[in-house]
Every structure is written in C-alpha cells, then in structure tokens.
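Asker: What follows is a single structure, and I will ask about it in a moment.
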Amino acid sequence: MVEESIRGLSVEEWRSKVREMEEDFEAWRKLRGDRKSSVAEKSAAAAVCCRHVWRLLKLRLPLDRGGDEDANGYGVPFVMRENIISLFDDLSNGVMPLLIEDAARQPGRPLKSHEKRQIAYALFYLDRVRQGAIADRRFMQTVREAYGVTAKTVRKWEERRHEICRGVPGFSLPNERLVEMMRQAGQIYRRAGRGAAGDL
C-alpha cells in the first residue's frame, strides 16, 4: 500500500477521506441492523471500516521517531503508535488481534444508563409475558428480533436483571404501553449499532 503523509494532503483531501470513512461506517451500521445480511457481508463491511481507520492513523501517526511532537512537547510514543496501527492492520485483514481478543473476554462490562433503560424494557416485557399479562408464545424471539440480539445475550441480560432494572421506571406501565416502549427501545438499541454485538 502506498505510504501517505498528512503534510502531502490538502485540507479538502483530508476531509474527503474522513467523509469516505463516515459513509462506510454508516453502511456497516445498516448491515448490522439488517437481519437478512450475511455474516460475510457484515465482516467485509467491518474490514473496510478498519482499513479506513488504519489509513488515517498512518497519516496522523507516522512511524518515525521524531518530528511529531507539538509545541508543548506532547507526542505519541513510538511503540504505542506501532501497536495501534498494527492492531487495525490485523483487523482490516480479518485477523483478531490478541489485545482485542483478551479484552472481549472480560465478563459483564458496565452498562451505560441509556443502555440499561433500553434493555430494562425488554426484561419488563419478558416478566409481563411470563405472568400471563401479555400473550406472546414466541416472547424470547420477539425480544431478540426487536433488539437484534442472540438468545445468549438475552440470558445474560436476565442474569443482570437487578443491575439493569434498578431505578428504571416502567414496571407498572400498562401492557400496551410497555409493548410499545419495548419495541421503541429495541429500535434505538439496534440503530446504535449494538445489535448482535450486545453479547455482554
């Protein structure tokens, strides 16, 4: 691949590269939310995104040992730059970097407050169905499809019910309103690009 230097790019050329990256990330997010998309299509789109990041990092973080500090003496250490660029180089070629692989294994990452709210409506819905208040013979599939997640993810949500539902209003919502809120929350969850990546 041709090595590029950011000093050789005009501002417009740089912005064009950033726009291309944004467009490809948006295309990947749409594929993530499309149940008809194959794993191969999603993987290929993700690789394109990683290549964009890799190229921009190579422009912003050249692998020379000097000349990259600003007026205040701040700079990115050589080894760190090399590791960051190598990481995205591996990802763009379909190789799982050990750093990412090990980090992904840590159980039960903390959920953000908006994630808790979105997931809590799914858990409230499951409770209501099991209590017989809402008729849905395929209730697990309903939630999985609404949020674009796997059965494994839903099971993990249920294991963390106390943490997720604490402080979230909605338990006493009327049935019809709860169904509506659950579907809306699932739509937001999917649009955020979490979907099947929501395995916690």
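We name chains A, B, ... following the order of the structure tokens; residues begin at 1 in each chain, and ligands are numbered from 1 as shown.
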Hey, what's within 6 Å of Met21 (chain A) if we count only C-alpha atoms and toss same-chain stuff fewer than 3 positions away? As a PyMOL selection string, please?
Answerer: chain A and resi 18+24+52
Asker: Give me the residues within 12 Å of region 140-153 of chain A as a PyMOL selection string, counting only C-alpha atoms and dropping any in the same chain fewer than 6 places off.
Answerer: chain A and resi 30-36+108+115+118-127+129-130+159-160+179-200
Asker: At what distance in Å, to one decimal, does CA of Glu23 (chain A) lie from CA of Ala47 (chain A)?
Answerer: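 Calculated distance between CA of Ala47 (chain A) and CA of Glu23 (chain A) is 13.7 Å.
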Asker: From the set A:Asn175, A:Gly167, A:Arg51, A:Leu91, which residue has the shortest atom-to-atom contact distance to Ala135 (chain A), counting only C-alpha atoms?
Answerer: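 Ranked by minimum distance to Ala135 (chain A), first place goes to A:Asn175.
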